[in-house]
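Data file: work-v5.cif. Format and content: mmCIF, C-alpha atoms.
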```cif
data_structure
#
loop_
_atom_site.label_atom_id
_atom_site.label_comp_id
_atom_site.auth_asym_id
_atom_site.auth_seq_id
_atom_site.Cartn_x
_atom_site.Cartn_y
_atom_site.Cartn_z
CA MET A 1 -75.90 87.75 89.97
CA GLY A 2 -75.63 90.67 92.45
CA THR A 3 -75.56 88.39 95.49
CA ASN A 4 -72.91 86.14 93.94
CA SER A 5 -70.73 89.11 93.05
CA ARG A 6 -71.10 90.51 96.54
CA VAL A 7 -70.01 87.23 98.10
CA LEU A 8 -66.95 87.04 95.86
CA LEU A 9 -65.99 90.66 96.55
CA ALA A 10 -66.47 90.12 100.28
CA GLY A 11 -64.05 87.21 100.06
CA ALA A 12 -61.47 89.40 98.32
CA VAL A 13 -61.84 92.02 101.04
CA GLU A 14 -61.47 89.39 103.74
CA SER A 15 -58.21 88.22 102.14
CA VAL A 16 -56.81 91.73 102.45
CA ILE A 17 -57.95 92.16 106.05
CA THR A 18 -56.86 88.77 107.40
CA GLU A 19 -53.90 87.86 105.20
CA ARG A 20 -52.76 91.15 103.67
CA ASP A 21 -53.28 89.44 100.32
CA TYR A 22 -54.17 92.04 97.67
CA SER A 23 -54.09 89.69 94.73
CA LEU A 24 -57.86 89.19 94.57
CA VAL A 25 -58.74 92.89 94.69
CA LEU A 26 -56.38 93.36 91.72
CA ASP A 27 -57.82 90.43 89.77
CA PRO A 28 -59.52 91.64 86.52
CA GLU A 29 -62.29 89.09 87.02
CA MET A 30 -63.02 90.56 90.45
CA ALA A 31 -63.07 94.03 88.92
CA GLU A 32 -65.72 92.77 86.51
CA HIS A 33 -67.79 91.48 89.42
CA ALA A 34 -67.46 94.93 91.00
CA ARG A 35 -68.86 96.54 87.84
CA ARG A 36 -71.75 94.09 87.79
CA LEU A 37 -72.58 94.72 91.42
CA ALA A 38 -72.41 98.49 90.91
CA GLY A 39 -74.80 98.17 87.98
CA SER A 40 -77.33 96.30 90.10
CA LEU A 41 -77.54 98.95 92.83
CA ARG A 42 -80.55 101.27 92.99
CA ASP A 43 -80.66 104.70 94.56
CA ASP A 44 -84.32 104.38 95.54
CA ARG A 45 -83.72 101.04 97.29
CA PRO A 46 -80.22 101.19 98.72
CA ASP A 47 -78.68 97.81 99.53
CA VAL A 48 -76.33 98.85 102.33
CA GLU A 49 -74.56 95.49 102.52
CA SER A 50 -73.73 95.59 98.80
CA LEU A 51 -72.76 99.26 98.98
CA PHE A 52 -70.40 98.59 101.87
CA THR A 53 -68.82 95.50 100.31
CA LEU A 54 -68.26 97.32 97.02
CA ALA A 55 -66.88 100.39 98.85
CA GLN A 56 -64.41 98.23 100.79
CA PHE A 57 -63.33 96.44 97.61
CA MET A 58 -62.68 99.71 95.76
CA TRP A 59 -60.88 101.17 98.77
CA HIS A 60 -58.48 98.25 99.10
CA ARG A 61 -58.01 98.21 95.33
CA PHE A 62 -57.00 101.88 95.51
CA ARG A 63 -54.54 101.12 98.31
CA ALA A 64 -53.05 98.31 96.24
CA LEU A 65 -52.76 100.42 93.08
CA GLY A 66 -51.33 103.50 94.79
CA PRO A 67 -51.36 106.75 92.76
CA LYS A 68 -52.77 104.88 89.75
CA GLY A 69 -55.89 104.08 91.76
CA ARG A 70 -57.29 107.58 92.23
CA GLY A 71 -60.37 106.66 90.26
CA GLU A 72 -60.99 103.70 92.56
CA ARG A 73 -60.47 106.01 95.56
CA ASP A 74 -63.08 108.49 94.30
CA ILE A 75 -65.56 105.67 93.67
CA ALA A 76 -64.90 104.33 97.17
CA PHE A 77 -65.58 107.79 98.65
CA GLN A 78 -68.90 107.99 96.82
CA LEU A 79 -69.90 104.53 98.02
CA PHE A 80 -68.84 105.11 101.63
CA ALA A 81 -70.79 108.38 101.58
CA ARG A 82 -73.92 106.47 100.57
CA CYS A 83 -73.22 103.95 103.35
CA LEU A 84 -73.10 106.80 105.85
CA ILE A 85 -76.45 108.15 104.64
CA HIS A 86 -78.25 104.82 104.48
CA GLY A 87 -76.79 102.67 107.26
CA ASP A 88 -74.52 102.27 110.25
CA LYS A 89 -71.37 100.70 108.84
CA PRO A 90 -67.85 101.20 110.28
CA LEU A 91 -65.99 103.42 107.84
CA PRO A 92 -62.20 103.42 107.35
CA ARG A 93 -60.28 105.79 109.56
CA GLY A 94 -59.08 109.04 108.13
CA ILE A 95 -61.59 109.39 105.29
CA MET A 96 -64.46 111.10 107.08
CA ARG A 97 -63.47 114.61 106.01
CA ASP A 98 -63.47 113.40 102.40
CA ILE A 99 -66.89 111.78 102.50
CA VAL A 100 -68.83 114.23 104.69
CA PRO A 101 -69.27 116.82 101.89
CA ILE A 102 -70.44 114.06 99.53
CA SER A 103 -72.83 112.71 102.17
CA ILE A 104 -74.23 116.21 102.77
CA ASP A 105 -75.05 116.56 99.07
CA LEU A 106 -76.81 113.18 99.13
CA ALA A 107 -78.76 114.08 102.28
CA ILE A 108 -79.78 117.45 100.80
CA ASP A 109 -81.13 115.57 97.80
CA LEU A 110 -83.20 113.44 100.19
CA LEU A 111 -84.58 116.63 101.77
CA ARG A 112 -85.44 117.99 98.34
CA GLN A 113 -87.25 114.79 97.46
CA SER A 114 -89.16 114.98 100.76
CA ALA A 115 -90.47 118.41 99.86
CA GLU A 116 -90.98 118.01 96.11
CA ALA A 117 -91.21 114.38 94.98
CA ARG A 118 -94.54 112.71 94.32
CA LYS A 119 -93.27 109.69 96.23
CA PRO A 120 -90.99 111.18 98.89
CA PRO A 121 -88.61 108.96 100.84
CA PRO A 122 -89.83 107.89 104.30
CA ALA A 123 -89.46 110.70 106.83
CA ASP A 124 -87.62 108.39 109.25
CA LYS A 125 -85.03 107.68 106.57
CA VAL A 126 -84.36 111.37 106.00
CA VAL A 127 -84.12 112.16 109.72
CA ASP A 128 -81.79 109.20 110.31
CA ALA A 129 -79.51 110.34 107.47
CA TRP A 130 -79.04 113.77 109.05
CA ARG A 131 -78.65 112.28 112.52
CA ARG A 132 -75.80 110.11 111.22
CA LEU A 133 -74.15 113.14 109.67
CA GLU A 134 -74.54 115.05 112.93
CA SER A 135 -72.93 112.17 114.84
CA VAL A 136 -69.76 112.25 112.72
CA THR A 137 -69.32 116.03 112.38
CA SER A 138 -67.66 117.34 115.51
CA ASP A 139 -67.13 121.02 116.29
CA GLU A 140 -63.96 120.95 114.17
CA TYR A 141 -66.01 120.47 111.01
CA ALA A 142 -66.88 123.63 109.10
CA GLU A 143 -70.03 121.87 107.90
CA ARG A 144 -71.42 121.16 111.39
CA ALA A 145 -73.74 124.18 111.55
CA LEU A 146 -75.14 123.35 108.11
CA VAL A 147 -75.73 119.73 109.13
CA LEU A 148 -77.57 120.77 112.29
CA ALA A 149 -79.71 123.30 110.41
CA ASN A 150 -80.74 120.64 107.90
CA LEU A 151 -81.43 118.15 110.68
CA ARG A 152 -83.95 120.72 111.92
CA ILE A 153 -85.62 120.80 108.51
CA ALA A 154 -85.84 116.99 108.36
CA LEU A 155 -87.35 116.85 111.85
CA LEU A 156 -89.89 119.57 111.03
CA LEU A 157 -90.92 117.76 107.86
CA ARG A 158 -91.62 114.66 109.92
CA TYR A 159 -93.32 116.72 112.63
CA GLY A 160 -95.67 118.06 109.95
CA THR A 161 -97.10 114.58 109.48
CA THR A 162 -96.80 113.10 112.98
CA LEU A 163 -97.26 116.19 115.20
CA ASP A 164 -94.90 114.48 117.64
CA MET A 165 -93.63 117.19 120.01
CA ALA A 166 -90.41 115.20 120.48
CA ASP A 167 -89.49 116.05 116.88
CA LEU A 168 -90.20 119.73 117.49
CA ASP A 169 -88.10 119.70 120.67
CA GLU A 170 -85.23 117.99 118.85
CA ALA A 171 -85.51 120.47 115.98
CA ILE A 172 -85.10 123.33 118.47
CA SER A 173 -82.09 121.62 120.03
CA ALA A 174 -80.53 121.11 116.60
CA ILE A 175 -80.92 124.72 115.47
CA ARG A 176 -79.69 126.00 118.84
CA GLN A 177 -76.53 123.99 118.28
CA ALA A 178 -76.29 125.29 114.71
CA VAL A 179 -76.29 128.87 116.00
CA ALA A 180 -73.61 127.96 118.55
CA ALA A 181 -71.52 126.13 115.95
CA ALA A 182 -71.62 128.95 113.39
CA ALA A 183 -68.74 131.39 113.61
CA ASP A 184 -69.59 135.06 114.22
CA ASP A 185 -68.55 135.89 110.67
CA ASP A 186 -70.47 132.98 109.13
CA PRO A 187 -72.83 134.57 106.57
CA ASP A 188 -75.44 131.90 107.40
CA ARG A 189 -75.53 132.64 111.15
CA PRO A 190 -78.27 135.31 110.85
CA ARG A 191 -80.40 132.82 108.95
CA TYR A 192 -79.87 130.19 111.66
CA LEU A 193 -81.00 132.72 114.27
CA VAL A 194 -84.17 133.38 112.27
CA TYR A 195 -84.77 129.63 112.03
CA LEU A 196 -84.32 129.27 115.79
CA GLY A 197 -86.81 132.04 116.48
CA GLU A 198 -89.34 130.56 114.07
CA THR A 199 -89.04 127.07 115.56
CA LEU A 200 -89.38 128.35 119.13
CA LEU A 201 -92.44 130.29 117.97
CA MET A 202 -93.94 127.08 116.57
CA ARG A 203 -93.57 125.39 119.94
CA SER A 204 -94.93 128.38 121.86
CA LYS A 205 -98.21 128.01 119.95
CA HIS A 206 -98.62 124.50 121.37
CA ARG A 207 -97.07 124.85 124.79
CA GLU A 208 -96.94 128.05 126.80
CA ALA A 209 -93.53 128.43 128.43
CA PRO A 210 -92.25 131.78 129.70
CA SER A 211 -88.69 130.62 129.09
CA ASP A 212 -89.52 130.11 125.40
CA VAL A 213 -90.91 133.64 125.08
CA SER A 214 -87.81 135.12 126.71
CA GLU A 215 -85.54 133.06 124.46
CA ILE A 216 -87.54 134.14 121.40
CA ILE A 217 -87.02 137.76 122.39
CA ASP A 218 -83.28 137.24 122.88
CA VAL A 219 -83.02 135.45 119.53
CA TRP A 220 -84.93 138.15 117.62
CA ARG A 221 -82.78 140.86 119.23
CA GLU A 222 -79.60 139.06 118.22
CA ALA A 223 -80.97 138.47 114.73
CA LEU A 224 -81.65 142.18 114.31
CA ARG A 225 -78.13 142.94 115.50
CA VAL A 226 -76.47 140.71 112.89
CA LEU A 227 -78.90 140.87 109.94
CA PRO A 228 -77.69 143.14 107.11
CA GLU A 229 -79.68 146.35 106.79
CA ASP A 230 -80.95 145.31 103.38
CA SER A 231 -82.02 141.82 104.50
CA PRO A 232 -85.66 141.02 103.66
CA ASP A 233 -85.83 139.18 107.00
CA ARG A 234 -85.41 142.35 109.07
CA LEU A 235 -89.02 143.48 108.71
CA THR A 236 -90.37 140.06 109.69
CA VAL A 237 -88.06 139.93 112.71
CA LEU A 238 -89.09 143.45 113.80
CA GLY A 239 -92.75 142.46 113.72
CA ARG A 240 -92.19 139.23 115.60
CA LEU A 241 -89.95 140.83 118.22
CA GLY A 242 -92.63 143.45 118.89
CA VAL A 243 -95.30 140.79 119.35
CA ALA A 244 -93.05 138.67 121.60
CA LEU A 245 -92.30 141.67 123.83
CA LEU A 246 -96.00 142.48 124.01
CA MET A 247 -96.75 138.84 124.87
CA ARG A 248 -94.21 138.80 127.68
CA PHE A 249 -95.53 142.09 129.02
CA THR A 250 -99.15 140.87 129.14
CA ASN A 251 -98.05 137.65 130.89
CA ASP A 252 -95.78 139.43 133.39
CA GLU A 253 -97.55 140.02 136.70
CA THR A 254 -95.11 142.80 137.65
CA GLU A 255 -95.89 144.78 134.45
CA THR A 256 -92.93 147.16 134.81
CA GLY A 257 -93.62 148.60 131.36
CA ALA A 258 -90.12 148.11 129.93
CA ASP A 259 -91.28 145.40 127.56
CA LEU A 260 -94.29 147.49 126.51
CA ASP A 261 -92.13 150.51 125.74
CA GLU A 262 -89.72 148.41 123.72
CA ALA A 263 -92.60 146.69 121.92
CA ILE A 264 -94.02 150.07 120.89
CA ALA A 265 -90.61 151.27 119.67
CA ILE A 266 -90.00 148.08 117.70
CA LEU A 267 -93.50 148.00 116.18
CA ARG A 268 -93.12 151.63 115.14
CA GLN A 269 -90.01 150.59 113.20
CA ALA A 270 -91.95 147.75 111.58
CA VAL A 271 -94.77 150.07 110.49
CA GLN A 272 -92.30 152.61 109.13
CA ALA A 273 -90.38 149.90 107.26
CA ALA A 274 -93.54 148.39 105.67
CA PRO A 275 -94.53 150.51 102.67
CA ALA A 276 -98.12 151.04 101.65
CA GLY A 277 -99.34 147.95 99.88
CA HIS A 278 -97.05 145.61 101.80
CA PRO A 279 -99.03 142.39 102.51
CA ASP A 280 -98.22 142.49 106.24
CA ARG A 281 -98.53 146.22 106.87
CA ASP A 282 -102.06 145.89 108.28
CA LYS A 283 -100.77 143.32 110.79
CA TYR A 284 -97.94 145.59 111.97
CA VAL A 285 -100.27 148.57 112.26
CA SER A 286 -102.83 146.51 114.20
CA ASN A 287 -100.21 145.22 116.64
CA LEU A 288 -98.89 148.73 117.21
CA ALA A 289 -102.44 149.97 117.80
CA THR A 290 -102.93 147.23 120.42
CA ALA A 291 -99.70 148.15 122.19
CA LEU A 292 -100.60 151.86 122.20
CA GLU A 293 -104.06 151.11 123.57
CA ILE A 294 -102.57 149.06 126.43
CA ARG A 295 -100.21 151.93 127.25
CA ALA A 296 -103.07 154.44 127.18
CA ASP A 297 -105.08 152.28 129.60
CA MET A 298 -102.08 152.12 131.93
CA THR A 299 -101.08 155.78 131.91
CA GLU A 300 -104.50 157.42 131.33
CA ASP A 301 -102.51 160.07 129.48
CA PRO A 302 -104.76 161.96 126.99
CA ALA A 303 -101.89 162.18 124.49
CA HIS A 304 -101.38 158.42 124.65
CA ARG A 305 -105.12 157.87 124.26
CA GLU A 306 -105.27 160.13 121.21
CA GLU A 307 -102.31 158.37 119.57
CA ALA A 308 -103.90 154.98 120.25
CA ARG A 309 -107.19 156.07 118.64
CA ALA A 310 -105.41 157.41 115.59
CA MET A 311 -103.50 154.16 115.16
CA GLN A 312 -106.68 152.11 115.63
CA GLN A 313 -108.29 154.07 112.79
CA GLU A 314 -105.23 153.48 110.61
CA ALA A 315 -105.33 149.77 111.48
CA ALA A 316 -109.01 149.54 110.52
CA GLU A 317 -108.31 151.27 107.20
CA ALA A 318 -105.31 149.02 106.50
CA ALA A 319 -107.45 145.95 107.24
CA ARG A 320 -110.17 147.18 104.85
CA LEU A 321 -107.62 147.73 102.08
CA GLN A 322 -106.15 144.28 102.61
CA SER A 323 -109.59 142.67 102.58
CA ARG A 324 -110.49 144.53 99.37
CA LYS A 325 -107.26 143.33 97.78
CA HIS A 326 -108.03 139.72 98.71
CA ARG A 327 -111.52 139.97 97.21
CA PHE A 328 -110.03 141.42 94.01
CA TRP A 329 -107.57 138.56 93.66
CA ARG A 330 -110.29 135.97 94.27
CA ARG A 331 -112.33 137.49 91.43
CA THR A 332 -109.42 137.62 89.00
CA THR A 333 -107.84 134.21 89.64
#
```
How does this structure look as structure tokens?
Amino acid sequence: MGTNSRVLLAGAVESVITERDYSLVLDPEMAEHARRLAGSLRDDRPDVESLFTLAQFMWHRFRALGPKGRGERDIAFQLFARCLIHGDKPLPRGIMRDIVPISIDLAIDLLRQSAEARKPPPADKVVDAWRRLESVTSDEYAERALVLANLRIALLLRYGTTLDMADLDEAISAIRQAVAAAADDDPDRPRYLVYLGETLLMRSKHREAPSDVSEIIDVWREALRVLPEDSPDRLTVLGRLGVALLMRFTNDETETGADLDEAIAILRQAVQAAPAGHPDRDKYVSNLATALEIRADMTEDPAHREEARAMQQEAAEAARLQSRKHRFWRRTT
């Protein structure tokens, strides 16, 4: 039944395209075939050919009906949006701005299913959906940064199963573009910067590249500049910026000390911002102790040595408290 209806609807569409004959798309019997075809479609197994034929039929029916066909127009938008997500079909000119928001909602639902569903959609399908959206959203689209940020998520989800570095590289490229596409006053731009730093950090754990470390530092600095003072991300960024500066210092043969000084200053802020009992306080204290010890070895200043020892003792105590807390939770859960 579905195939027969599709063939008939395709013939009606062809009449409009080749002969400018709208009589078939207005035929009540054809409208019934459209309803039957729509009823046969499944979201979990999208039939792109049927979706596209039905979308074209509803679009030409709307054009034939004029203002009375707004319902047909809205249905056509929904169908074309699904075509964009699931396949590479040529869409009518001038409707992209209407269907992109609908397609984004559909693609976000695919992402949600990837993370939560017992039977998630294939990772390739999710990545391809966001790639198609990226290909049709130019810089003039307000949604472009959001699309690029979600393309990163889709690529990282696939990377989690394949460990293909090409996906990680593309994810970094996507989130870099998202940061560039976001306006300075975009409330999501700080979050995109955090995502960029986190994704670069993922790659640095697999492939040592001085350029990555320097970019991570620049990204964390910019994130701190734009993050609201009350943002819960600030403490995490402080800690990671301190570690990145310390990493660049230890890998820098010139060892000028500027990175070490900044690392100590940043890690001090992290320790001060992490209250007692914070789950990451022991980590911040330990990293600061390491930085202070390196400085003491460099300067051989007794005051620096004494401060390093004091911080090492605090780090050991913080680690003991954290370990005791973990043992308590293991006993009570």
CA of Phe80 (chain A) to CA of Asp98 (chain A), distance in Å rounded to a single decimal: 9.9 Å
Atomic distance CA of Gly87 (chain A) - CA of Asp164 (chain A), expressed in Å with one decimal: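 These atoms are spaced 24.0 Å apart.
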Residues selected by the PyMOL selection byres ((chain A and resi 215-231) around 7), written as an MDAnalysis selection string: chainID A and resid 190 193:194 197 200 211:214 232:234 237 241 244:245
Nearest to Phe57 (chain A), chosen from A:Asn150, A:Ser15, A:Gln312, A:Gln113, with all atoms listed in the file counted in the distances: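 Selected residue with least distance to Phe57 (chain A): A:Ser15.
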Expansion of the PyMOL selection byres ((chain A and resi 136-149) around 6) into residues, as number ranges by chain: A: 133-135, 150-152, 174-175, 178, 181-182
Residues from last step as file, C-alpha atoms, as a PDB file, keeping the file's coordinate frame:
```pdb
ATOM      1  CA  LEU A 133     -74.150 113.140 109.670  1.00  0.00           C
ATOM      2  CA  GLU A 134     -74.540 115.050 112.930  1.00  0.00           C
ATOM      3  CA  SER A 135     -72.930 112.170 114.840  1.00  0.00           C
ATOM      4  CA  ASN A 150     -80.740 120.640 107.900  1.00  0.00           C
ATOM      5  CA  LEU A 151     -81.430 118.150 110.680  1.00  0.00           C
ATOM      6  CA  ARG A 152     -83.950 120.720 111.920  1.00  0.00           C
ATOM      7  CA  ALA A 174     -80.530 121.110 116.600  1.00  0.00           C
ATOM      8  CA  ILE A 175     -80.920 124.720 115.470  1.00  0.00           C
ATOM      9  CA  ALA A 178     -76.290 125.290 114.710  1.00  0.00           C
ATOM     10  CA  ALA A 181     -71.520 126.130 115.950  1.00  0.00           C
ATOM     11  CA  ALA A 182     -71.620 128.950 113.390  1.00  0.00           C
TER      12      ALA A 182
END
```
Two-atom distance - CA of Ala115 (chain A), CA of Trp130 (chain A) (Å):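 These atoms are spaced 15.4 Å apart.
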Cut-off 9 Å around (-94.7, 149.2, 110.6) with all atoms listed in the file: residues as a list in words: Leu235, Leu238, Gly239, Ile266, Leu267, Arg268, Gln269, Ala270, Val271, Gln272, Ala273, Ala274, Pro275, Asp280, Arg281, Asp282, Lys283, Tyr284, Val285 and Leu288 of chain A
